[in-house]
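Participant: Enclosed is the structure file input-v5.cif (mmCIF, C-alpha atoms and all ligand atoms).
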data_upload
#
loop_
_atom_site.group_PDB
_atom_site.id
_atom_site.type_symbol
_atom_site.label_atom_id
_atom_site.label_comp_id
_atom_site.auth_asym_id
_atom_site.auth_seq_id
_atom_site.Cartn_x
_atom_site.Cartn_y
_atom_site.Cartn_z
ATOM 1 C CA MET A 1 11.950 24.931 23.466
ATOM 2 C CA PRO A 2 11.737 28.644 24.223
ATOM 3 C CA THR A 3 13.256 29.892 20.955
ATOM 4 C CA ALA A 4 11.270 27.571 18.712
ATOM 5 C CA THR A 5 8.246 29.721 18.312
ATOM 6 C CA LYS A 6 5.169 28.174 16.806
ATOM 7 C CA ARG A 7 4.291 29.595 13.412
ATOM 8 C CA SER A 8 2.427 32.802 14.114
ATOM 9 C CA SER A 9 -1.278 33.114 13.658
ATOM 10 C CA ALA A 10 -0.412 35.774 11.034
ATOM 11 C CA SER A 11 1.383 33.216 8.850
ATOM 12 C CA ARG A 12 -1.437 30.750 9.385
ATOM 13 C CA THR A 13 -3.921 33.440 8.326
ATOM 14 C CA THR A 14 -1.879 34.084 5.183
ATOM 15 C CA SER A 15 -1.938 30.410 4.288
ATOM 16 C CA ALA A 16 -5.607 30.254 5.228
ATOM 17 C CA ARG A 17 -6.239 33.068 2.762
ATOM 18 C CA ASN A 18 -5.066 30.772 -0.024
ATOM 19 C CA CYS A 19 -7.140 27.933 1.346
ATOM 20 C CA TRP A 20 -10.854 28.100 1.929
ATOM 21 C CA ARG A 21 -10.564 25.532 4.701
ATOM 22 C CA SER A 22 -7.639 24.879 7.001
ATOM 23 C CA THR A 23 -6.566 21.342 6.161
ATOM 24 C CA ARG A 24 -6.571 20.238 9.785
ATOM 25 C CA ASN A 25 -10.231 21.153 10.017
ATOM 26 C CA CYS A 26 -10.934 20.481 6.380
ATOM 27 C CA ARG A 27 -14.466 19.157 6.013
ATOM 28 C CA TRP A 28 -13.486 17.515 2.749
ATOM 29 C CA ARG A 29 -10.807 15.228 4.026
ATOM 30 C CA PHE A 30 -12.983 12.236 4.942
ATOM 31 C CA GLU A 31 -15.239 12.565 1.935
ATOM 32 C CA PRO A 32 -14.648 9.909 -0.734
ATOM 33 C CA ALA A 33 -14.474 12.072 -3.820
ATOM 34 C CA PRO A 34 -14.437 15.795 -3.107
ATOM 35 C CA ALA A 35 -15.839 17.793 -5.988
ATOM 36 C CA ARG A 36 -13.585 20.670 -4.986
ATOM 37 C CA ARG A 37 -10.266 20.171 -3.407
ATOM 38 C CA CYS A 38 -8.331 22.417 -1.080
ATOM 39 C CA PRO A 39 -5.804 24.146 -3.385
ATOM 40 C CA CYS A 40 -3.082 23.745 -0.732
ATOM 41 C CA VAL A 41 -2.978 20.003 -1.421
ATOM 42 C CA PRO A 42 -1.926 18.805 -4.890
ATOM 43 C CA ALA A 43 -4.558 16.820 -6.793
ATOM 44 C CA THR A 44 -2.535 13.601 -6.664
ATOM 45 C CA ILE A 45 -2.336 13.661 -2.866
ATOM 46 C CA ALA A 46 -5.894 14.921 -2.313
ATOM 47 C CA GLY A 47 -7.179 12.012 -4.401
ATOM 48 C CA THR A 48 -4.934 9.607 -2.542
ATOM 49 C CA THR A 49 -6.090 10.667 0.937
ATOM 50 C CA ALA A 50 -9.761 10.686 -0.039
ATOM 51 C CA ALA A 51 -9.399 7.186 -1.447
ATOM 52 C CA ALA A 52 -7.503 6.132 1.685
ATOM 53 C CA ALA A 53 -10.427 7.291 3.819
ATOM 54 C CA THR A 54 -12.843 5.109 1.856
ATOM 55 C CA GLY A 55 -10.447 2.204 2.372
ATOM 56 C CA ILE A 56 -10.720 2.297 6.165
ATOM 57 C CA GLY A 57 -13.767 -0.004 6.243
ATOM 58 C CA MET A 58 -12.110 -2.363 3.778
ATOM 59 C CA ASN A 59 -9.012 -2.470 6.010
ATOM 60 C CA ARG A 60 -11.130 -3.742 8.889
ATOM 61 C CA VAL A 61 -12.664 -6.504 6.782
ATOM 62 C CA ALA A 62 -9.270 -7.466 5.375
ATOM 63 C CA ALA A 63 -7.701 -7.530 8.863
ATOM 64 C CA ARG A 64 -10.326 -10.069 9.945
ATOM 65 C CA LEU A 65 -9.266 -12.223 7.006
ATOM 66 C CA GLY A 66 -5.587 -11.876 7.981
ATOM 67 C CA ILE A 67 -4.814 -9.602 5.031
ATOM 68 C CA GLU A 68 -2.920 -6.331 5.334
ATOM 69 C CA LEU A 69 -3.942 -3.610 2.902
ATOM 70 C CA HIS A 70 -1.516 -0.804 2.222
ATOM 71 C CA HIS A 71 -2.004 2.464 0.422
ATOM 72 C CA VAL A 72 1.242 4.346 0.374
ATOM 73 C CA GLN A 73 2.350 7.602 -1.176
ATOM 74 C CA PHE A 74 5.977 7.732 -2.319
ATOM 75 C CA LEU A 75 7.620 11.144 -2.345
ATOM 76 C CA ARG A 76 10.982 12.513 -3.386
ATOM 77 C CA ARG A 77 12.893 15.715 -2.791
ATOM 78 C CA PRO A 78 15.524 16.769 -5.322
ATOM 79 C CA ALA A 79 19.178 16.975 -4.290
ATOM 80 C CA ASP A 80 19.383 20.665 -5.162
ATOM 81 C CA HIS A 81 16.606 21.622 -2.738
ATOM 82 C CA ALA A 82 18.001 24.535 -0.707
ATOM 83 C CA PRO A 83 17.845 24.128 3.100
ATOM 84 C CA ALA A 84 14.924 26.284 4.190
ATOM 85 C CA VAL A 85 14.425 25.928 7.935
ATOM 86 C CA PRO A 86 17.304 26.236 10.445
ATOM 87 C CA LEU A 87 17.225 24.259 13.671
ATOM 88 C CA PRO A 88 15.576 26.255 16.475
ATOM 89 C CA GLY A 89 17.990 27.759 19.035
ATOM 90 C CA GLY A 90 19.302 25.217 21.533
ATOM 91 C CA VAL A 91 18.370 22.257 19.321
ATOM 92 C CA ARG A 92 21.184 20.084 17.980
ATOM 93 C CA LEU A 93 21.368 17.145 15.647
ATOM 94 C CA ALA A 94 23.001 13.979 16.959
ATOM 95 C CA GLU A 95 23.604 10.581 15.415
ATOM 96 C CA TRP A 96 23.075 7.536 17.595
ATOM 97 C CA GLY A 97 24.500 4.094 17.082
ATOM 98 C CA VAL A 98 23.744 0.480 17.841
ATOM 99 C CA ASP A 99 24.747 0.938 21.507
ATOM 100 C CA ASP A 100 21.790 3.318 21.876
ATOM 101 C CA THR A 101 19.243 0.699 20.797
ATOM 102 C CA ALA A 102 17.643 0.405 24.248
ATOM 103 C CA ARG A 103 17.157 4.166 24.432
ATOM 104 C CA ILE A 104 15.717 4.270 20.908
ATOM 105 C CA CYS A 105 13.068 1.760 21.979
ATOM 106 C CA THR A 106 12.373 3.544 25.279
ATOM 107 C CA ASP A 107 11.812 6.884 23.510
ATOM 108 C CA ALA A 108 9.481 5.198 21.033
ATOM 109 C CA HIS A 109 7.534 3.432 23.826
ATOM 110 C CA VAL A 110 7.069 6.747 25.662
ATOM 111 C CA HIS A 111 5.141 7.925 22.598
ATOM 112 C CA GLY A 112 3.126 4.723 22.239
ATOM 113 C CA GLN A 113 5.234 3.166 19.467
ATOM 114 C CA MET A 114 6.235 -0.454 19.921
ATOM 115 C CA ARG A 115 9.790 -1.122 18.709
ATOM 116 C CA SER A 116 11.714 -4.317 19.349
ATOM 117 C CA GLU A 117 15.415 -4.016 20.139
ATOM 118 C CA ALA A 118 16.168 -6.895 17.755
ATOM 119 C CA ARG A 119 14.510 -5.081 14.895
ATOM 120 C CA MET A 120 16.248 -1.776 15.686
ATOM 121 C CA ARG A 121 19.588 -3.589 15.793
ATOM 122 C CA ALA A 122 18.783 -5.167 12.424
ATOM 123 C CA ARG A 123 18.322 -1.690 10.969
ATOM 124 C CA PHE A 124 21.865 -0.762 12.011
ATOM 125 C CA THR A 125 23.093 -4.054 10.547
ATOM 126 C CA HIS A 126 21.451 -3.101 7.234
ATOM 127 C CA GLY A 127 23.334 0.211 7.311
ATOM 128 C CA LEU A 128 20.469 2.475 8.323
ATOM 129 C CA ARG A 129 21.422 5.510 10.417
ATOM 130 C CA TYR A 130 19.491 6.998 13.319
ATOM 131 C CA LEU A 131 19.395 10.760 13.778
ATOM 132 C CA VAL A 132 17.803 12.711 16.611
ATOM 133 C CA LEU A 133 17.163 16.321 17.511
ATOM 134 C CA GLU A 134 18.048 17.018 21.132
ATOM 135 C CA HIS A 135 17.136 19.965 23.303
ATOM 136 C CA ASP A 136 18.372 20.253 26.897
ATOM 137 C CA GLY A 137 19.020 16.504 26.983
ATOM 138 C CA ASP A 138 15.524 15.691 25.709
ATOM 139 C CA VAL A 139 14.928 14.072 22.354
ATOM 140 C CA VAL A 140 12.377 16.150 20.440
ATOM 141 C CA ALA A 141 12.461 14.435 17.029
ATOM 142 C CA TRP A 142 14.062 11.493 15.260
ATOM 143 C CA CYS A 143 14.190 9.542 12.052
ATOM 144 C CA TRP A 144 16.023 6.695 10.350
ATOM 145 C CA VAL A 145 17.732 7.201 7.009
ATOM 146 C CA ALA A 146 18.899 4.584 4.535
ATOM 147 C CA ALA A 147 21.659 6.759 3.060
ATOM 148 C CA GLY A 148 23.420 5.079 0.155
ATOM 149 C CA VAL A 149 22.139 1.666 1.315
ATOM 150 C CA PRO A 150 19.025 -0.152 0.043
ATOM 151 C CA ARG A 151 15.606 0.447 1.569
ATOM 152 C CA TYR A 152 13.657 -2.793 1.925
ATOM 153 C CA ILE A 153 9.916 -2.143 1.612
ATOM 154 C CA ASP A 154 8.494 -5.155 3.417
ATOM 155 C CA GLU A 155 4.871 -4.582 2.320
ATOM 156 C CA LEU A 156 6.016 -4.972 -1.301
ATOM 157 C CA CYS A 157 8.904 -7.426 -0.786
ATOM 158 C CA ARG A 158 11.034 -5.039 -2.794
ATOM 159 C CA GLN A 159 14.390 -3.523 -2.121
ATOM 160 C CA VAL A 160 14.992 -0.079 -3.599
ATOM 161 C CA ASP A 161 18.620 0.809 -4.257
ATOM 162 C CA MET A 162 19.879 4.093 -2.858
ATOM 163 C CA ALA A 163 22.950 5.424 -4.663
ATOM 164 C CA PRO A 164 25.515 7.581 -2.873
ATOM 165 C CA GLY A 165 23.831 10.966 -2.387
ATOM 166 C CA GLN A 166 20.387 9.373 -2.053
ATOM 167 C CA ALA A 167 18.650 8.629 1.253
ATOM 168 C CA TRP A 168 15.318 7.050 2.159
ATOM 169 C CA VAL A 169 13.659 8.551 5.249
ATOM 170 C CA ARG A 170 11.920 6.140 7.653
ATOM 171 C CA ASP A 171 9.811 6.518 10.795
ATOM 172 C CA ALA A 172 10.214 10.280 11.136
ATOM 173 C CA PHE A 173 8.779 11.441 14.433
ATOM 174 C CA VAL A 174 8.336 14.814 16.111
ATOM 175 C CA ALA A 175 7.316 14.984 19.788
ATOM 176 C CA PRO A 176 3.642 15.988 19.998
ATOM 177 C CA ALA A 177 4.415 19.250 21.858
ATOM 178 C CA GLN A 178 6.732 20.366 19.027
ATOM 179 C CA ARG A 179 4.521 19.599 16.054
ATOM 180 C CA GLY A 180 3.446 22.236 13.547
ATOM 181 C CA ARG A 181 6.787 24.112 13.712
ATOM 182 C CA ARG A 182 8.331 22.624 10.577
ATOM 183 C CA LEU A 183 10.731 20.646 12.760
ATOM 184 C CA LEU A 184 10.658 17.789 10.241
ATOM 185 C CA THR A 185 11.936 20.162 7.543
ATOM 186 C CA ALA A 186 14.612 21.526 9.879
ATOM 187 C CA MET A 187 15.694 17.993 10.827
ATOM 188 C CA LEU A 188 15.928 16.806 7.200
ATOM 189 C CA ASP A 189 17.862 19.926 6.196
ATOM 190 C CA ALA A 190 20.275 19.354 9.095
ATOM 191 C CA ILE A 191 20.654 15.661 8.216
ATOM 192 C CA SER A 192 21.395 16.534 4.597
ATOM 193 C CA THR A 193 24.219 18.819 5.770
ATOM 194 C CA HIS A 194 25.399 16.125 8.229
ATOM 195 C CA LEU A 195 25.586 13.620 5.351
ATOM 196 C CA GLY A 196 27.693 15.957 3.221
ATOM 197 C CA GLY A 197 24.977 18.087 1.573
ATOM 198 C CA GLY A 198 23.042 17.729 -1.673
ATOM 199 C CA ILE A 199 21.079 14.668 -0.563
ATOM 200 C CA GLU A 200 18.194 13.450 -2.722
ATOM 201 C CA TYR A 201 15.544 12.234 -0.288
ATOM 202 C CA PHE A 202 12.850 9.597 -0.770
ATOM 203 C CA SER A 203 10.074 8.778 1.636
ATOM 204 C CA ASP A 204 6.904 6.730 1.943
ATOM 205 C CA VAL A 205 3.836 7.877 3.827
ATOM 206 C CA GLU A 206 0.546 6.093 4.537
ATOM 207 C CA ALA A 207 -1.958 7.848 2.279
ATOM 208 C CA SER A 208 -4.238 8.519 5.254
ATOM 209 C CA ASN A 209 -1.497 10.339 7.214
ATOM 210 C CA GLN A 210 -2.363 13.916 6.293
ATOM 211 C CA ALA A 211 -0.035 15.580 8.819
ATOM 212 C CA SER A 212 2.926 13.676 7.426
ATOM 213 C CA LEU A 213 1.957 14.361 3.813
ATOM 214 C CA ARG A 214 1.692 18.068 4.572
ATOM 215 C CA ALA A 215 4.977 18.042 6.462
ATOM 216 C CA HIS A 216 6.686 16.363 3.488
ATOM 217 C CA LEU A 217 5.229 18.886 1.034
ATOM 218 C CA ALA A 218 6.367 21.731 3.284
ATOM 219 C CA ALA A 219 9.843 20.168 3.357
ATOM 220 C CA GLY A 220 10.026 20.307 -0.447
ATOM 221 C CA PHE A 221 9.009 16.733 -1.309
ATOM 222 C CA VAL A 222 6.827 16.046 -4.319
ATOM 223 C CA ALA A 223 4.575 13.036 -4.704
ATOM 224 C CA CYS A 224 6.026 10.576 -7.213
ATOM 225 C CA ALA A 225 3.790 7.485 -6.968
ATOM 226 C CA ALA A 226 0.821 6.152 -5.044
ATOM 227 C CA VAL A 227 0.895 2.417 -4.487
ATOM 228 C CA ARG A 228 -1.646 -0.087 -3.185
ATOM 229 C CA SER A 229 -0.735 -3.549 -2.059
ATOM 230 C CA ALA A 230 -2.189 -6.487 -0.167
ATOM 231 C CA ALA A 231 -0.156 -8.865 1.946
ATOM 232 C CA GLY A 232 -0.805 -12.255 3.530
ATOM 233 C CA THR A 233 1.656 -14.452 5.402
ATOM 234 C CA HIS A 234 3.003 -16.118 2.264
ATOM 235 C CA TRP A 235 1.932 -13.841 -0.556
ATOM 236 C CA ARG A 236 1.939 -10.275 -1.820
ATOM 237 C CA LEU A 237 -0.235 -8.558 -4.393
ATOM 238 C CA ARG A 238 1.639 -5.482 -5.518
ATOM 239 C CA PRO A 239 1.981 -3.131 -8.469
ATOM 240 C CA VAL A 240 4.935 -3.085 -10.832
ATOM 241 C CA PRO A 241 7.693 -0.836 -9.461
ATOM 242 C CA PRO A 242 6.889 2.825 -10.151
ATOM 243 C CA ALA A 243 9.247 4.166 -12.823
ATOM 244 C CA SER A 244 9.773 7.275 -10.696
ATOM 245 C CA LEU A 245 11.691 5.305 -8.034
ATOM 246 C CA PRO A 246 15.345 4.245 -8.280
ATOM 247 C CA SER A 247 15.998 0.686 -9.467
ATOM 248 C CA VAL A 248 14.702 -2.212 -7.425
ATOM 249 C CA ASP A 249 16.369 -5.533 -6.697
ATOM 250 C CA ALA A 250 16.356 -8.209 -9.347
ATOM 251 C CA SER A 251 14.257 -10.794 -7.487
ATOM 252 C CA ARG A 252 11.139 -11.096 -9.653
ATOM 253 C CA PRO A 253 10.759 -7.287 -9.672
ATOM 254 C CA THR A 254 7.926 -7.135 -12.188
ATOM 255 C CA GLN A 255 5.869 -10.012 -10.784
ATOM 256 C CA ARG A 256 2.671 -8.657 -9.249
ATOM 257 C CA LEU A 257 1.289 -11.696 -7.450
ATOM 258 C CA LEU A 258 4.102 -13.187 -5.450
ATOM 259 C CA TRP A 259 3.973 -16.499 -3.567
ATOM 260 C CA LEU A 260 6.944 -16.568 -1.238
ATOM 261 C CA ASP A 261 8.802 -19.862 -1.274
ATOM 262 C CA ALA A 262 10.862 -20.940 1.752
ATOM 263 C CA ARG A 263 14.008 -19.236 0.419
ATOM 264 C CA GLU A 264 12.169 -15.981 -0.184
ATOM 265 C CA ARG A 265 10.507 -16.080 3.225
ATOM 266 C CA GLU A 266 13.947 -16.499 4.778
ATOM 267 C CA ARG A 267 15.284 -13.562 2.754
ATOM 268 C CA HIS A 268 12.258 -11.498 3.798
ATOM 269 C CA ARG A 269 12.901 -12.320 7.472
ATOM 270 C CA LYS A 270 16.528 -11.216 7.086
ATOM 271 C CA LEU A 271 15.738 -7.959 5.331
ATOM 272 C CA ILE A 272 12.712 -6.841 7.303
ATOM 273 C CA ALA A 273 13.666 -4.290 9.950
HETATM 274 C C1 LIG A 301 4.424 13.849 10.603
HETATM 275 C C2 LIG A 301 5.262 14.666 11.569
HETATM 276 C C3 LIG A 301 6.677 14.089 11.607
HETATM 277 C C4 LIG A 301 5.323 16.104 11.029
HETATM 278 O O1 LIG A 301 6.263 16.852 11.762
HETATM 279 P P1 LIG A 301 6.071 18.428 12.028
HETATM 280 O O2 LIG A 301 7.419 18.974 12.350
HETATM 281 O O3 LIG A 301 5.002 18.657 13.014
HETATM 282 O O4 LIG A 301 5.593 18.939 10.573
HETATM 283 P P2 LIG A 301 5.027 20.385 10.196
HETATM 284 O O5 LIG A 301 5.367 21.390 11.232
HETATM 285 O O6 LIG A 301 5.513 20.630 8.807
HETATM 286 O O7 LIG A 301 3.444 20.192 10.215
HETATM 287 C C5 LIG A 301 2.856 19.324 9.266
HETATM 288 C C6 LIG A 301 1.364 19.271 9.461
HETATM 289 O O8 LIG A 301 1.070 18.737 10.745
HETATM 290 C C7 LIG A 301 -0.190 19.261 11.180
HETATM 291 N N1 LIG A 301 0.000 19.926 12.480
HETATM 292 C C8 LIG A 301 0.317 21.194 12.758
HETATM 293 N N2 LIG A 301 0.347 21.403 14.086
HETATM 294 C C9 LIG A 301 0.056 20.244 14.656
HETATM 295 C C10 LIG A 301 -0.052 19.824 15.994
HETATM 296 N N3 LIG A 301 0.155 20.661 17.004
HETATM 297 N N4 LIG A 301 -0.370 18.510 16.223
HETATM 298 C C11 LIG A 301 -0.565 17.654 15.197
HETATM 299 N N5 LIG A 301 -0.460 18.003 13.893
HETATM 300 C C12 LIG A 301 -0.158 19.286 13.628
HETATM 301 C C13 LIG A 301 -0.629 20.239 10.126
HETATM 302 O O9 LIG A 301 -1.487 19.601 9.226
HETATM 303 C C14 LIG A 301 0.672 20.613 9.462
HETATM 304 O O10 LIG A 301 0.520 21.033 8.140
HETATM 305 P P3 LIG A 301 0.134 22.593 7.818
HETATM 306 O O11 LIG A 301 0.915 23.449 8.759
HETATM 307 O O12 LIG A 301 0.538 22.725 6.398
HETATM 308 O O13 LIG A 301 -1.340 22.690 8.059
HETATM 309 C C15 LIG A 301 4.636 14.694 12.999
HETATM 310 O O14 LIG A 301 3.292 15.126 12.878
HETATM 311 C C16 LIG A 301 4.658 13.315 13.665
HETATM 312 O O15 LIG A 301 5.646 12.954 14.305
HETATM 313 N N6 LIG A 301 3.570 12.539 13.525
HETATM 314 C C17 LIG A 301 3.452 11.189 14.140
HETATM 315 C C18 LIG A 301 4.381 10.176 13.469
HETATM 316 C C19 LIG A 301 4.208 10.149 11.962
HETATM 317 O O16 LIG A 301 3.112 10.119 11.449
HETATM 318 N N7 LIG A 301 5.376 10.141 11.265
HETATM 319 C C20 LIG A 301 5.420 10.139 9.829
HETATM 320 C C21 LIG A 301 5.709 8.768 9.315
HETATM 321 S S1 LIG A 301 5.795 8.813 7.524
#
Can you give me the file's structure in the form of structure tokens?
Facilitator:
Amino acid sequence: MPTATKRSSASRTTSARNCWRSTRNCRWRFEPAPARRCPCVPATIAGTTAAAATGIGMNRVAARLGIELHHVQFLRRPADHAPAVPLPGGVRLAEWGVDDTARICTDAHVHGQMRSEARMRARFTHGLRYLVLEHDGDVVAWCWVAAGVPRYIDELCRQVDMAPGQAWVRDAFVAPAQRGRRLLTAMLDAISTHLGGGIEYFSDVEASNQASLRAHLAAGFVACAAVRSAAGTHWRLRPVPPASLPSVDASRPTQRLLWLDARERERHRKLIA
């Protein structure tokens, strides 16, 4: 994208002046409990990512036992957040539909992400919308949004209600060659306008995904809860729903250890997407 210039080294130097280590090269990020934290990263998130790093070994052990461990940061961006980053010249936002499912999967596969067509179709059935940024016929970024429809968080077996004017962002992706240009911010700003403006966004990011956490912070999100959970085939160990999230569905919402009976497993299969 010729007009989408990468942030200049000058602006990087300015941010580096406020930060004694660039986060990408930050020596602290894999240390369990940094005594000093990079001031660019809020304490809540710095603690979360450091803890996530210590959990990597535990994840391996758990995986051998057939247990999935999750450590997720929830973030929200207020509805009155002013759009900050315009789309680069020549880039346009487009919304794709269920007929584009094959292409959605192909684009994902090109970048090493496995997506089944059945699951992508299920997302459309659940009311999720798929938005892409296109440049010269190429797709340079995409994401799903649950706008005004519930977001089912399969790791927690919980469905979070999204009211009109609220949207949950899922699977945001920027092509590797375009990263570091605040394209995620530009895409979310454009989607907010596309959806009628004044959208309150929610998102969930793996606590170890520093690039995504930084991209969300740059886009105006603030961390609202960090959640750990463990999942087996028929059970979930999860925290009570964070008060900072919109209301969750009524199916045993406050129960922490959940054994899924046949009916619940069926419901889970229907909602997962
Ligand atoms: C997360 C992602 C969507 C961010 O999009 P983006 O438009 O590049 O976001 P930004 O330009 O705001 O950059 C965010 C951070 O990415 C990192 N970054 C910058 N340039 C980068 C590059 N060339 N390659 C990789 N990461 C880079 C930096 O840490 C940057 O933060 P900083 O500028 O404050 O140091 C993108 O990195 C991506 O698609 N990652 C793979 C999929 C993924 O993890 N999706 C998120 C799921 S929740």
Participant: For the structure shown, which residues end up in the PyMOL selection byres (((not hetatm)) within 7 of (chain A and resi 301))? Put them as a PyMOL selection string, please?
Facilitator: chain A and resi 22-24+170-185+204-206+209-212+214-216+218-219
Participant: Would you be able to write out as a list of chain:residue names which residues have an atom within 7 Å of (1.8, -7.7, -6.0) in the file's coordinates, counting all atoms listed in the file?
Facilitator: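 The residues that fall inside the cut-off are A:Leu156, A:Ser229, A:Arg236, A:Leu237, A:Arg238, A:Pro239, A:Gln255, A:Arg256, A:Leu257, A:Leu258.
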Participant: Which polymer residues have any atom within 12 Å of an atom of region 95-104 of chain A, counting all atoms listed in the file, with same-chain residues fewer than 4 positions away left out, as a PyMOL selection string?
Facilitator: chain A and resi 108-111+113-134+138-139+141-145+171+173+187+190-191+194-195
Participant: As a VMD selection string, please: the residues near region 67-70 of chain A (cut-off 9 Å, all atoms listed in the file, same-chain neighbours under 5 positions excluded).
Facilitator: chain A and resid 55 58 to 59 61 to 62 155 206 to 207 227 to 233
Participant: Going by the chain IDs and residue numbers used in this file, which residues fall under the PyMOL selection byres (((chain A and resi 92) around 8) and not hetatm)? Write them as JSON, numbers by chain.
Facilitator: {"A": [87, 90, 91, 93, 94, 133, 134, 135]}
Participant: Looking at A:Phe221, A:Gln159, A:Leu213, A:Tyr201, which one is nearest to Ser247 (chain A), with distances taken over all atoms listed in the file?
Facilitator: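 Among A:Phe221, A:Gln159, A:Leu213, A:Tyr201, it is A:Gln159 that comes nearest to Ser247 (chain A).
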Participant: Write out N, CA and C atoms for region 124-145 of chain A, as a compact mmCIF listing (two decimals), in the frame of the given file.
Facilitator:
# COMPACT_ATOMS: atom_id res chain seq x y z
N PHE A 124 20.45 -1.17 12.04
CA PHE A 124 21.86 -0.76 12.01
C PHE A 124 22.68 -1.75 11.17
N THR A 125 22.36 -3.04 11.33
CA THR A 125 23.09 -4.05 10.55
C THR A 125 22.92 -3.80 9.05
N HIS A 126 21.70 -3.37 8.66
CA HIS A 126 21.45 -3.10 7.23
C HIS A 126 22.03 -1.76 6.78
N GLY A 127 22.67 -1.04 7.70
CA GLY A 127 23.33 0.21 7.31
C GLY A 127 22.48 1.45 7.50
N LEU A 128 21.28 1.29 8.08
CA LEU A 128 20.47 2.48 8.32
C LEU A 128 21.10 3.31 9.44
N ARG A 129 20.86 4.61 9.40
CA ARG A 129 21.42 5.51 10.42
C ARG A 129 20.28 6.18 11.18
N TYR A 130 20.54 6.46 12.45
CA TYR A 130 19.49 7.00 13.32
C TYR A 130 19.90 8.39 13.78
N LEU A 131 19.09 9.37 13.46
CA LEU A 131 19.40 10.76 13.78
C LEU A 131 18.32 11.32 14.70
N VAL A 132 18.77 12.12 15.67
CA VAL A 132 17.80 12.71 16.61
C VAL A 132 18.05 14.21 16.73
N LEU A 133 17.01 14.92 17.10
CA LEU A 133 17.16 16.32 17.51
C LEU A 133 17.05 16.35 19.02
N GLU A 134 18.04 16.96 19.66
CA GLU A 134 18.05 17.02 21.13
C GLU A 134 17.93 18.47 21.58
N HIS A 135 17.22 18.64 22.69
CA HIS A 135 17.14 19.96 23.30
C HIS A 135 17.20 19.78 24.81
N ASP A 136 18.20 20.38 25.43
CA ASP A 136 18.37 20.25 26.90
C ASP A 136 18.34 18.79 27.35
N GLY A 137 18.97 17.91 26.60
CA GLY A 137 19.02 16.50 26.98
C GLY A 137 17.78 15.72 26.60
N ASP A 138 16.74 16.41 26.14
CA ASP A 138 15.52 15.69 25.71
C ASP A 138 15.58 15.46 24.20
N VAL A 139 15.02 14.34 23.79
CA VAL A 139 14.93 14.07 22.35
C VAL A 139 13.58 14.62 21.87
N VAL A 140 13.63 15.54 20.90
CA VAL A 140 12.38 16.15 20.44
C VAL A 140 11.94 15.65 19.06
N ALA A 141 12.84 14.98 18.35
CA ALA A 141 12.46 14.44 17.03
C ALA A 141 13.50 13.40 16.64
N TRP A 142 13.10 12.48 15.76
CA TRP A 142 14.06 11.49 15.26
C TRP A 142 13.62 10.97 13.91
N CYS A 143 14.55 10.33 13.24
CA CYS A 143 14.19 9.54 12.05
C CYS A 143 15.35 8.63 11.69
N TRP A 144 15.02 7.59 10.92
CA TRP A 144 16.02 6.70 10.35
C TRP A 144 16.26 7.13 8.91
N VAL A 145 17.49 6.99 8.44
CA VAL A 145 17.73 7.20 7.01
C VAL A 145 18.55 6.03 6.45
